[in-house]
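A.B. asks: Pasting a structure below so you can have a look.
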Amino acid sequence: MSTGGNDAAQRTNFLAVEDLSVTYRTGSGDVPAVRGVDLAVAPGTKLGVAGESGCGKSTIALALLRLLPSTARMSGRILLDGEDVLTMKWGRLRAVRWAGASIVFQGAMHSLNAVRRIGDQIAEPILLHEQRTPAEVRTRVSALLEQVGLPQQRAAAYPHELSGGQRQRVMIAMALACNPRLIIADEPTTALDVMIQAQILRLISGLVSDHGISMLMISHDLSVLADTCDRLAVMYAGRVVEEGAAHEVFSTPRHPYSEALSAAFPRIGDPASRRRPRGLPGDPPDPAALPAGCSFRPRCPAAQDRCAETDPALWRAGAERRAACVHVLSDEQAVELGVPPAPAAPSAAPPDRPANGADPAQPEEIR
Ligand SMILES: Nc1ncnc2c1ncn2[C@@H]1O[C@H](COP(=O)(O)OP(=O)(O)OP(=O)(O)O)[C@@H](O)[C@H]1O
């Protein structure tokens with residue numbers, strides 16, 4: 001399956017993930033957490049990766065810098081500025097971490113060292129990667145604190161002396177410390193309250209735009225990604241099931257799963273947000289025991305018999321848009337691809353209906 005585009009386009013992407021698969025070996029068998037994923041981030045652009053817990057988002061984030069545990073087996077290619085991270089020698093990989101790409105993890109309290117002053121922690125990657133005098137490092141740390149909206153005196157503080165939002169600002173300062181060309185933000189606001197979440201998202205988004213940094217942002221909240229990113233990839237059960245321009249995937253999703261995610265997280269300030277958020281019944285499948293055919297079929301309100309026989313690929317679903325769902329195929333395309341034709345009369349809700357089967361012409365208003 002491919003979200004990548006043609007070869008020329010891939011050469012111009014700062015990050016190109018090609019056919020990435022990650023399987024964890026466990027005592028009770030193999031867990032295929034990521035299955036043949038392609039992602040592409042052009043220089044200076046922001047890609048959002050969305051999906052429920054367990055769909056493989058964090059596995060991808062960690063794989064990008066080879067930070068996965070030794071029980072993980074990876075295949076495919078992860079091209080960072082044309083160099084494959086998966087085949088890099090350790091010395092090169094150490095140089096690429098922080099300076100080529102850096103990660104902002106969820107939950108800063110767990111990522112920061114509780115017994116070291118935050119100034120020293122921000123200084124660490126700079127000392128590791130750059131030949132600078134102690135005075136230069138102090139100046140750089142002060143500048144970084146200022147960029148993330150913290151007074152430079154906070155350099156002397158310990159993590160427990162800061163609020164959750166301030167700690168996340170420190171994580172962002174660390175991520176920026178070595179002027180990376182890509183920032184991977186894995187649920188960067190999960191543990192924060194809603195007002196602080198918005199501030200932190202604005203901060204990251206503004207900083208990466210100002211510095212021309214590319215970003216891959218991971219979240220379960222499609223509306224946050226639609227507000228922050230240029231393009232979106234929606235994941236389900238270890239695969240990308242829809243990919244396209246962020247606002248289009250959010251406002252006119254083509255895959256029933258994207259539709260359900262979009263309905264679950266209405267956008268603040270959008271007229272559609274007057275609709276009550278709708279949950280998606282059921283749970284994602286166990287990656288070690290996936291259903292036959294489309295993995296989303298057991299939860300899909302638009303499922304048809306043919307979905308049990310067809311493992312959909314990411315098919316074209318509009319200009320620069322792809323979705324892994326038989327409903328995006330015309331009858332002619334289905335015949336050409338060997339996909340069973342659609343039944344004469346729909347067996348469930350038509351494909352252009354929201355995931356809960358409600359009529360889109362009759363939005364559910366909050367009164
Ligand atoms: N170290 C591991 N060993 C075995 N299985 C793992 C390991 N880490 C993750 N998994 C499994 O891989 C799948 C993908 O997990 P992952 O954490 O990447 O998903 P996620 O979408 O990031 O979820 P969350 O939002 O909860 O972090 C899940 O089924 C998870 O249980």
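In the structure tokens, chains take the letters A, B, ... in the order shown, each chain's residues start at 1, and ligands count up from 1 in the order shown.
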DSSP on the backbone, strand (DSSP E or B) only: what residues of range 119-333 of chain A does that give? Format it as a VMD selection string.

C.D. replies: chain A and resid 182 to 186 214 to 219 231 to 236 239 to 245 275 315 to 316 322 to 323

A.B. asks: I need the residues from that last selection saved to file as a short mmCIF file (atom, residue, chain, number, x, y, z; two decimals), in the first residue's frame (with N, CA and C atoms), if you can.

C.D. replies:
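Final file, part.cif:
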data_model
loop_
_atom_site.label_atom_id
_atom_site.label_comp_id
_atom_site.auth_asym_id
_atom_site.auth_seq_id
_atom_site.Cartn_x
_atom_site.Cartn_y
_atom_site.Cartn_z
N LEU A 182 13.51 17.79 11.41
CA LEU A 182 12.21 17.15 11.60
C LEU A 182 11.94 17.01 13.09
N ILE A 183 10.71 17.35 13.50
CA ILE A 183 10.29 17.08 14.88
C ILE A 183 9.15 16.08 14.85
N ILE A 184 9.30 15.03 15.67
CA ILE A 184 8.25 14.03 15.79
C ILE A 184 7.56 14.31 17.13
N ALA A 185 6.29 14.67 17.09
CA ALA A 185 5.58 15.01 18.33
C ALA A 185 4.54 13.92 18.59
N ASP A 186 4.79 13.09 19.62
CA ASP A 186 3.91 11.95 19.91
C ASP A 186 2.93 12.33 21.02
N SER A 214 10.22 20.38 9.46
CA SER A 214 9.13 19.47 9.10
C SER A 214 8.61 18.84 10.40
N MET A 215 7.35 18.42 10.38
CA MET A 215 6.82 17.82 11.62
C MET A 215 5.94 16.62 11.31
N LEU A 216 6.08 15.60 12.14
CA LEU A 216 5.14 14.48 12.12
C LEU A 216 4.48 14.49 13.49
N MET A 217 3.19 14.81 13.53
CA MET A 217 2.50 14.90 14.81
C MET A 217 1.50 13.75 14.95
N ILE A 218 1.56 13.09 16.10
CA ILE A 218 0.70 11.94 16.35
C ILE A 218 -0.37 12.32 17.36
N SER A 219 -1.61 11.96 17.08
CA SER A 219 -2.68 12.21 18.04
C SER A 219 -3.86 11.29 17.76
N ARG A 231 -1.15 17.70 6.02
CA ARG A 231 -1.70 16.44 5.53
C ARG A 231 -1.97 15.52 6.70
N LEU A 232 -2.84 14.54 6.45
CA LEU A 232 -3.23 13.61 7.51
C LEU A 232 -3.15 12.18 7.02
N ALA A 233 -2.67 11.29 7.88
CA ALA A 233 -2.76 9.85 7.61
C ALA A 233 -3.55 9.25 8.78
N VAL A 234 -4.63 8.55 8.45
CA VAL A 234 -5.44 7.92 9.50
C VAL A 234 -5.07 6.45 9.56
N MET A 235 -4.74 5.97 10.76
CA MET A 235 -4.32 4.57 10.90
C MET A 235 -5.36 3.73 11.60
N TYR A 236 -5.47 2.48 11.18
CA TYR A 236 -6.32 1.51 11.86
C TYR A 236 -5.63 0.16 11.82
N ARG A 239 -2.27 -0.13 9.95
CA ARG A 239 -2.18 0.32 8.57
C ARG A 239 -2.71 1.73 8.40
N VAL A 240 -2.27 2.41 7.34
CA VAL A 240 -2.89 3.69 6.98
C VAL A 240 -4.15 3.35 6.19
N VAL A 241 -5.30 3.89 6.62
CA VAL A 241 -6.55 3.60 5.90
C VAL A 241 -7.05 4.81 5.11
N GLU A 242 -6.51 6.00 5.40
CA GLU A 242 -6.86 7.16 4.57
C GLU A 242 -5.73 8.16 4.66
N GLU A 243 -5.51 8.86 3.55
CA GLU A 243 -4.44 9.86 3.51
C GLU A 243 -4.86 10.98 2.59
N GLY A 244 -4.59 12.22 2.99
CA GLY A 244 -4.93 13.35 2.12
C GLY A 244 -4.68 14.67 2.82
N ALA A 245 -5.14 15.77 2.18
CA ALA A 245 -5.01 17.09 2.79
C ALA A 245 -5.79 17.08 4.11
N ARG A 275 -22.71 19.78 16.61
CA ARG A 275 -23.20 18.40 16.70
C ARG A 275 -22.58 17.73 17.91
N TRP A 315 -6.56 2.92 -2.18
CA TRP A 315 -6.94 3.26 -3.55
C TRP A 315 -7.15 4.76 -3.68
N ARG A 316 -7.00 5.26 -4.90
CA ARG A 316 -7.20 6.68 -5.16
C ARG A 316 -8.64 7.05 -4.81
N ARG A 322 -6.25 9.16 -0.84
CA ARG A 322 -6.36 7.71 -0.95
C ARG A 322 -7.12 7.17 0.23
N ALA A 323 -7.86 6.11 0.02
CA ALA A 323 -8.58 5.47 1.12
C ALA A 323 -8.63 3.97 0.88
#

A.B. asks: As a ChimeraX atom specification, please: the residues near Ala342 in chain A (cut-off 10 Å, only C-alpha atoms, same-chain neighbours under 6 positions excluded).

C.D. replies: /A:304-307,326-327,329-331,334

A.B. asks: Excluding Thr12 in chain A and residues on its chain fewer than 6 positions from it, collect all residues at most 10 Å away from it, counting only C-alpha atoms, and give them as a list of chain:residue names.

C.D. replies: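 Result of the neighbour search: A:Ala40, A:Val41, A:Ala42, A:Pro43, A:Asp81, A:Gly82.
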
A.B. asks: Would you put the residues from that selection into a file with C-alpha atoms, as an mmCIF file, in the first residue's frame?

C.D. replies:
data_model
loop_
_atom_site.group_PDB
_atom_site.id
_atom_site.type_symbol
_atom_site.label_atom_id
_atom_site.label_comp_id
_atom_site.auth_asym_id
_atom_site.auth_seq_id
_atom_site.Cartn_x
_atom_site.Cartn_y
_atom_site.Cartn_z
ATOM 1 C CA ALA A 40 5.781 11.156 3.369
ATOM 2 C CA VAL A 41 6.673 14.556 4.833
ATOM 3 C CA ALA A 42 7.819 17.303 2.460
ATOM 4 C CA PRO A 43 10.345 19.849 3.796
ATOM 5 C CA ASP A 81 16.802 13.256 3.790
ATOM 6 C CA GLY A 82 17.472 10.289 1.499
#

A.B. asks: Just want the residues within 9 Å of ligand 1, written as a ChimeraX atom specification, counting only C-alpha atoms and all ligand atoms.

C.D. replies: /A:22-26,30-34,50-62,68-72,186-187,218-220,235-238,285-288

A.B. asks: I need the residues in range 220-333 of chain A that are alpha helix (DSSP H) according to DSSP; give them as a list in words.

C.D. replies: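 Here is the list: Leu222, Ser223, Val224, Leu225, Ala226, Asp227, Thr228, Ala246, His247, Glu248, Val249, Phe250, Ser251, Pro256, Tyr257, Ser258, Glu259, Ala260, Leu261, Ser262, Ala263, Ala264, Asp331, Glu332 and Gln333 of chain A.
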
A.B. asks: Residues as selected, C-alpha atoms, written as an mmCIF file, in the first residue's frame, can you do that?

C.D. replies:
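See result_11.cif below for the written result:
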data_model
loop_
_atom_site.group_PDB
_atom_site.id
_atom_site.type_symbol
_atom_site.label_atom_id
_atom_site.label_comp_id
_atom_site.auth_asym_id
_atom_site.auth_seq_id
_atom_site.Cartn_x
_atom_site.Cartn_y
_atom_site.Cartn_z
ATOM 1 C CA LEU A 222 -8.411 14.248 14.368
ATOM 2 C CA SER A 223 -9.650 17.805 14.967
ATOM 3 C CA VAL A 224 -6.341 18.821 16.605
ATOM 4 C CA LEU A 225 -4.412 17.416 13.643
ATOM 5 C CA ALA A 226 -6.770 19.058 11.155
ATOM 6 C CA ASP A 227 -6.053 22.415 12.823
ATOM 7 C CA THR A 228 -2.294 21.889 13.024
ATOM 8 C CA ALA A 246 -5.752 17.538 6.518
ATOM 9 C CA HIS A 247 -8.854 19.720 6.200
ATOM 10 C CA GLU A 248 -10.335 17.429 3.520
ATOM 11 C CA VAL A 249 -9.812 14.204 5.459
ATOM 12 C CA PHE A 250 -11.394 15.850 8.506
ATOM 13 C CA SER A 251 -14.320 17.555 6.797
ATOM 14 C CA PRO A 256 -15.850 5.039 7.413
ATOM 15 C CA TYR A 257 -13.214 4.891 10.157
ATOM 16 C CA SER A 258 -11.977 8.454 9.432
ATOM 17 C CA GLU A 259 -15.628 9.464 9.421
ATOM 18 C CA ALA A 260 -16.108 7.957 12.878
ATOM 19 C CA LEU A 261 -12.947 9.657 14.206
ATOM 20 C CA SER A 262 -14.042 12.977 12.729
ATOM 21 C CA ALA A 263 -17.477 12.657 14.374
ATOM 22 C CA ALA A 264 -15.876 11.750 17.705
ATOM 23 C CA ASP A 331 -17.995 -0.779 -10.348
ATOM 24 C CA GLU A 332 -15.536 -0.653 -13.274
ATOM 25 C CA GLN A 333 -12.550 -0.177 -10.966
#

A.B. asks: Near Glu161 in chain A, within 12 Å and counting only C-alpha atoms, which residues show up once chain neighbours fewer than 6 positions away are dropped, as a list of chain:residue names?

C.D. replies: A:Met109, A:Ala114, A:Val115, A:Arg116, A:Arg117, A:Ile118, A:Arg154, A:Ala155, A:Arg167

A.B. asks: Find the distance between CA of Glu18 in chain A and CA of Ala63 in chain A and write it in Å to one decimal.

C.D. replies: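 Interatomic distance here is 12.3 Å.
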
A.B. asks: When you draw a straight line from CA of Lys46 in chain A to CA of Val148 in chain A, how long is it in Å?

C.D. replies: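 These atoms are spaced 19.0 Å apart.
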
A.B. asks: Do you know which residues are at most 10 Å from Ala143 in chain A counting only C-alpha atoms, after dropping those on the same chain fewer than 6 positions away, and could you put them as number ranges by chain?

C.D. replies: A: 137, 149-152, 173, 177

A.B. asks: For the atom pair CA of Ser111 in chain A and CA of Gln168 in chain A, what is the interatomic distance in Å to one decimal place?

C.D. replies: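 Straight-line distance from CA of Ser111 in chain A to CA of Gln168 in chain A works out to 9.7 Å.
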
A.B. asks: Skipping near chain neighbours, those fewer than 4 positions away, what residues fall within 8 Å of Ser75 in chain A using only C-alpha atoms, listed as JSON, numbers by chain?

C.D. replies: {"A": [19, 20, 21, 22]}

A.B. asks: I'd like to know which of A:Pro312, A:Pro159, A:Gly318, A:Gly91 is closest to Cys294 in chain A, using only C-alpha atoms.

C.D. replies: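 Once distances to Cys294 in chain A are computed over only C-alpha atoms, the minimum belongs to A:Pro312.
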
A.B. asks: Here is a test: counting only C-alpha atoms, which residue of A:Met171, A:Leu86, A:Ala191, A:Leu39 is nearest to Leu112 in chain A?

C.D. replies: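 When distances to Leu112 in chain A are compared using only C-alpha atoms, the smallest one comes from A:Met171.
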
A.B. asks: Within 12 Å of Leu127 in chain A, counting only C-alpha atoms, which residues qualify if same-chain residues fewer than 2 places away don't, as JSON, numbers by chain?

C.D. replies: {"A": [98, 99, 120, 121, 122, 123, 124, 125, 129, 130, 131, 132, 133, 134, 135, 136, 137, 138, 140, 141, 174, 177, 178]}
